[in-house]
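**Q** One structure is given below, represented as C-alpha cells, and several questions about it will come after.
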Amino acid sequence: MEYNVIIVDDSPSMRKIMLKTIRMSGFPVKNLLEAENGEEALDKCQESWVDIIITDINMPVMDGLQFIEHLQRDEVLHSVPVVVVSSDGREPVIEKAKTLGVVQYLKKPFQPETIAEVLKEIMGHENYANEYSNTEDLDF
Amino acid sequence: MQTNIAILKTWTFNILEEMCFLLPTEPEDTLYNPREGITVKIQAGNFFTVYLTFAKALSHEIASNSLGLPAEEISEELVHSSIKEMANIIAGNFMNATNLPAVAHLSIPKILDGGPPTIKADAGESYESETCFINNHPLHLTLIENEA
C-alpha cells in the first residue's frame, strides 16, 4: 500500500529537506503534496485524500495549531494522523498540540531516521524497505 | 551561569553543525566588516529580538549543505529560505533553553532589506552582540532583550 503525504511548512528549503528525507526513507509514498501554510493545506486536503499530515507550527496566514484545530472540526479530516515538526519544544506547546490530537511532535533539528520511524509507526508498517543503511551520503 | 548571548551562540553552533555540517573556527587574520552580509530578524514574543547577520559566503554554504545540493543549483530564494529556517530553528531552541513562557511565540523570520541595519536597544532593553566564525566566515549575533 502507498500513502499520500502532505508537508506543510512556509520554508521552501525545509519542504525540500522533508521531501528528500521521506523519499530516501523507503516509506511507500504515492503522492507527496506541499503547502506553505495551514490555509493552503486545508484546501489541498479537501481536494485530494491524504493519509498523513506533517506540519510546522510557526507559519504565516494560518499557523500549525490553527490548522490542526480546523482539521479536528472536519468530519472527514479529523481522523488523519498529524505529525508536528517544530523548533518550539516547550512542554506547554507540545501538550497543547497533543490535546488537539497530534500523534507525534518532533523537534527541529531532527534526524532523518526519526521521520522514517515515525511514519512507519503511525501507519503500522514493519516491512517497508529501510534504505537508510544505504544512505551514507544523505546530507540531512 | 551562561549569559543569554552565550546560550544563543551555543545553539547557533549546535544547529549549524547538526544541520549543515559547518563548524566554528578561529577568526582568520583578515579584515572583515560585520555589517556586510544578510541579516535575519526574528522575535520571541516581547521578550527577545534576535538578529543573525550571515556572511554571504556562509549563507550559500548553509543552503548548499542543508539541502544537499551543489552550489550552482542554489537560487537566491533558496539561500534566503535556508537562512530564515536556520534562524527559526536557532531562535526556537534558544527560546526552549531560556524557558520562555508559552505565550511567547516566535515571529516569522524576516530578511532585512537594504543590508544589515545599525541595531540599537531602546529604553528598557539590553543589547548584547558577538561575532563568531563558522568555517572561516563571520556570523554576527545580536540579542535585544526587553527588561520590562
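Note on naming: chains are A, B, ... as they come in the C-alpha cells, residues start from 1 per chain, ligands start from 1 in the order shown.
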May I have a table of the residues of chain A lying at most 10 Å from chain B, giving each one's closest pair of atoms and their distance in Å to one decimal, counting only C-alpha atoms, ordered by chain and ascending residue number, as a Markdown table?
**A**
```
| residue | atom | partner | partner_atom | distance |
| --- | --- | --- | --- | --- |
| A:Asp10 | CA | B:Ser81 | CA | 9.1 |
| A:Ser11 | CA | B:Ser81 | CA | 5.9 |
| A:Pro12 | CA | B:Ser81 | CA | 6.3 |
| A:Ser13 | CA | B:Ser82 | CA | 5.5 |
| A:Met14 | CA | B:Glu85 | CA | 7.1 |
| A:Arg15 | CA | B:Leu67 | CA | 9.9 |
| A:Lys16 | CA | B:Leu67 | CA | 7.0 |
| A:Ile17 | CA | B:Leu67 | CA | 6.0 |
| A:Met18 | CA | B:Leu67 | CA | 9.8 |
| A:Lys20 | CA | B:Leu67 | CA | 8.7 |
| A:Ile57 | CA | B:Leu106 | CA | 9.8 |
| A:Asn58 | CA | B:Ile108 | CA | 6.9 |
| A:Met59 | CA | B:Ile108 | CA | 6.7 |
| A:Pro60 | CA | B:Ile108 | CA | 6.9 |
| A:Ser86 | CA | B:Ile89 | CA | 8.0 |
| A:Ser87 | CA | B:Gly92 | CA | 4.8 |
| A:Asp88 | CA | B:Gly92 | CA | 5.0 |
| A:Gly89 | CA | B:Asn96 | CA | 6.1 |
| A:Arg90 | CA | B:Asn96 | CA | 5.6 |
| A:Glu91 | CA | B:Ala102 | CA | 8.4 |
| A:Pro92 | CA | B:Ala102 | CA | 6.2 |
| A:Val93 | CA | B:Ala102 | CA | 6.3 |
| A:Ile94 | CA | B:Ala102 | CA | 9.9 |
| A:Lys96 | CA | B:Ala102 | CA | 10.0 |
| A:Lys107 | CA | B:Asn93 | CA | 9.0 |
| A:Lys108 | CA | B:Ile89 | CA | 6.4 |
| A:Pro109 | CA | B:Met19 | CA | 6.9 |
| A:Phe110 | CA | B:Met19 | CA | 8.6 |
| A:Gln111 | CA | B:Glu18 | CA | 9.0 |
| A:Asp137 | CA | B:Gly68 | CA | 9.1 |
| A:Leu138 | CA | B:Gly68 | CA | 7.5 |
| A:Asp139 | CA | B:Gly68 | CA | 5.3 |
| A:Phe140 | CA | B:Ser66 | CA | 6.3 |
```
**Q** Residues within 10 Å of Ile54 in chain A, please, as a PyMOL selection string. Count only C-alpha atoms; anything in the same chain fewer than 6 positions from it doesn't count.
**A** chain A and resi 5-9+18+34+64+81-85+102+104-106+115+119
**Q** Please write the residues from the selection above to a file, keeping C-alpha atoms, as a short mmCIF file (atom, residue, chain, number, x, y, z; two decimals), in the first residue's frame.
**A**
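The file below, selection-v6.cif, is the result:
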```
data_model
loop_
_atom_site.label_atom_id
_atom_site.label_comp_id
_atom_site.auth_asym_id
_atom_site.auth_seq_id
_atom_site.Cartn_x
_atom_site.Cartn_y
_atom_site.Cartn_z
CA VAL A 5 1.59 12.61 2.49
CA ILE A 6 1.31 16.38 2.76
CA ILE A 7 4.12 18.57 4.10
CA VAL A 8 3.02 21.93 5.47
CA ASP A 9 5.83 24.42 6.05
CA MET A 18 11.41 16.84 4.24
CA GLU A 34 3.23 20.53 -0.30
CA GLY A 64 0.02 24.93 12.53
CA PRO A 81 -2.83 11.45 11.69
CA VAL A 82 -0.89 14.69 12.20
CA VAL A 83 2.84 14.94 12.93
CA VAL A 84 4.21 18.28 14.06
CA VAL A 85 7.81 19.22 13.23
CA VAL A 102 -1.33 15.40 17.25
CA GLN A 104 3.81 12.87 17.20
CA TYR A 105 5.71 16.07 17.97
CA LEU A 106 9.24 16.22 16.57
CA ILE A 115 10.91 10.83 10.39
CA LEU A 119 5.84 7.33 9.61
#
```
**Q** CA of Glu76 in chain B to CA of Thr114 in chain A: how many Å, to one decimal?
**A**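 So the two atoms, CA of Glu76 in chain B and CA of Thr114 in chain A, lie 29.7 Å apart.
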**Q** If you measure from CA of Thr53 in chain B to CA of Glu36 in chain A, what distance in Å do you get, rounded to one decimal?
**A**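 Spanning CA of Thr53 in chain B to CA of Glu36 in chain A is a straight-line distance of 25.1 Å.
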**Q** Quick one: DSSP strand (DSSP E or B) residues in chain A, as a ChimeraX atom specification?
**A** /A:3-8,29-35,52-55,82-86,104-107
**Q** Write out as a PyMOL selection string which residues come within 7 Å of Phe133 in chain B when counting only C-alpha atoms, dropping same-chain ones fewer than 3 positions away.
**A** chain B and resi 24-27+136-139
**Q** Hey, can you check how far CA of Ala41 in chain A sits from CA of Gln72 in chain A?
**A**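 About the pair CA of Ala41 in chain A and CA of Gln72 in chain A: they are 13.8 Å apart.
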**Q** Excluding same-chain residues fewer than 3 positions from Thr39 in chain B, what lies within 6 Å of it counting only C-alpha atoms, as a list in words?
**A** Leu52, Thr53, Ile111, Leu112 and Pro116 of chain B
**Q** Okay, now the selection with N, CA and C atoms, as a JSON list (two decimals), in the first residue's frame?
**A**
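Result file result36.json:
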```
[["chain", "number", "residue", "atom", "x", "y", "z"],
["B", 52, "LEU", "N", 20.60, 37.79, 13.21],
["B", 52, "LEU", "CA", 21.73, 36.98, 12.76],
["B", 52, "LEU", "C", 22.20, 37.55, 11.43],
["B", 53, "THR", "N", 23.45, 38.00, 11.38],
["B", 53, "THR", "CA", 23.99, 38.51, 10.11],
["B", 53, "THR", "C", 25.01, 37.51, 9.57],
["B", 111, "ILE", "N", 14.03, 38.66, 6.40],
["B", 111, "ILE", "CA", 15.28, 39.19, 5.86],
["B", 111, "ILE", "C", 15.16, 40.71, 5.82],
["B", 112, "LEU", "N", 16.12, 41.40, 6.40],
["B", 112, "LEU", "CA", 16.04, 42.85, 6.40],
["B", 112, "LEU", "C", 16.54, 43.41, 5.06],
["B", 116, "PRO", "N", 22.39, 44.93, 6.30],
["B", 116, "PRO", "CA", 22.32, 44.90, 7.76],
["B", 116, "PRO", "C", 22.13, 46.30, 8.35]]
```
**Q** Which polymer residues have any atom within 7 Å of an atom of range 128-132 of chain B, counting only C-alpha atoms, with same-chain residues fewer than 4 positions away left out, as an MDAnalysis selection string?
**A** chainID B and resid 5 138:144
**Q** If you run DSSP on this backbone, which residues of range 12-141 of chain B come out as alpha helix (DSSP H), and could you give them as a VMD selection string?
**A** chain B and resid 12 to 20 56 to 67 76 to 97
**Q** Pull C-alpha atoms from the residues just selected and write them as an mmCIF file, in the first residue's frame.
**A**
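Final output, part25.cif:
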```cif
data_model
loop_
_atom_site.group_PDB
_atom_site.id
_atom_site.type_symbol
_atom_site.label_atom_id
_atom_site.label_comp_id
_atom_site.auth_asym_id
_atom_site.auth_seq_id
_atom_site.Cartn_x
_atom_site.Cartn_y
_atom_site.Cartn_z
ATOM 1 C CA THR B 12 23.825 28.557 16.799
ATOM 2 C CA PHE B 13 26.912 26.333 16.757
ATOM 3 C CA ASN B 14 24.867 23.206 17.554
ATOM 4 C CA ILE B 15 22.301 23.798 14.818
ATOM 5 C CA LEU B 16 24.812 24.741 12.119
ATOM 6 C CA GLU B 17 26.885 21.682 12.911
ATOM 7 C CA GLU B 18 23.938 19.284 13.059
ATOM 8 C CA MET B 19 22.050 20.561 10.029
ATOM 9 C CA CYS B 20 24.787 21.960 7.810
ATOM 10 C CA LYS B 56 27.177 35.898 2.043
ATOM 11 C CA ALA B 57 29.567 33.003 1.509
ATOM 12 C CA LEU B 58 28.347 31.408 4.738
ATOM 13 C CA SER B 59 24.692 31.784 3.754
ATOM 14 C CA HIS B 60 25.420 29.966 0.474
ATOM 15 C CA GLU B 61 27.231 27.161 2.329
ATOM 16 C CA ILE B 62 24.300 26.812 4.720
ATOM 17 C CA ALA B 63 21.853 26.469 1.836
ATOM 18 C CA SER B 64 24.012 24.067 -0.117
ATOM 19 C CA ASN B 65 24.850 21.822 2.851
ATOM 20 C CA SER B 66 21.395 21.716 4.418
ATOM 21 C CA LEU B 67 19.702 20.928 1.112
ATOM 22 C CA GLU B 76 18.992 33.340 -4.097
ATOM 23 C CA GLU B 77 15.465 32.478 -2.973
ATOM 24 C CA LEU B 78 16.664 29.161 -1.562
ATOM 25 C CA VAL B 79 19.573 30.888 0.188
ATOM 26 C CA HIS B 80 17.153 33.281 1.869
ATOM 27 C CA SER B 81 14.750 30.478 2.730
ATOM 28 C CA SER B 82 17.569 28.389 4.216
ATOM 29 C CA ILE B 83 18.953 31.086 6.471
ATOM 30 C CA LYS B 84 15.460 32.079 7.588
ATOM 31 C CA GLU B 85 14.824 28.441 8.514
ATOM 32 C CA MET B 86 18.149 28.285 10.379
ATOM 33 C CA ALA B 87 17.214 31.468 12.259
ATOM 34 C CA ASN B 88 13.851 29.922 13.118
ATOM 35 C CA ILE B 89 15.445 26.747 14.466
ATOM 36 C CA ILE B 90 18.180 28.618 16.355
ATOM 37 C CA ALA B 91 15.694 31.036 17.925
ATOM 38 C CA GLY B 92 13.267 28.212 18.753
ATOM 39 C CA ASN B 93 15.945 26.255 20.563
ATOM 40 C CA PHE B 94 17.191 29.422 22.271
ATOM 41 C CA MET B 95 13.617 30.049 23.446
ATOM 42 C CA ASN B 96 13.400 26.498 24.792
ATOM 43 C CA ALA B 97 16.755 26.856 26.576
#
```
**Q** Restricting the calculation to only C-alpha atoms: of A:Val61, A:Met1, A:Ile22, A:Leu100, which residue gets closest to Glu117 in chain A?
**A** A:Ile22
**Q** Counting only C-alpha atoms, which residue out of A:Ala116, A:Leu42, A:Ala97, A:Val29 sits closest to Leu71 in chain A?
**A** A:Leu42
**Q** Skipping near chain neighbours, those fewer than 6 positions away, what residues fall within 9 Å of Phe47 in chain B using only C-alpha atoms, listed as an mmCIF file with C-alpha atoms, in the first residue's frame?
**A**
```
data_model
loop_
_atom_site.group_PDB
_atom_site.id
_atom_site.type_symbol
_atom_site.label_atom_id
_atom_site.label_comp_id
_atom_site.auth_asym_id
_atom_site.auth_seq_id
_atom_site.Cartn_x
_atom_site.Cartn_y
_atom_site.Cartn_z
ATOM 1 C CA LEU B 100 10.283 31.471 27.925
ATOM 2 C CA ALA B 104 5.928 33.899 23.745
ATOM 3 C CA ILE B 144 17.981 42.585 22.256
ATOM 4 C CA GLU B 145 16.242 41.713 25.496
ATOM 5 C CA ASN B 146 13.211 43.515 26.826
ATOM 6 C CA GLU B 147 13.931 44.015 30.513
ATOM 7 C CA ALA B 148 10.431 45.150 31.423
#
```
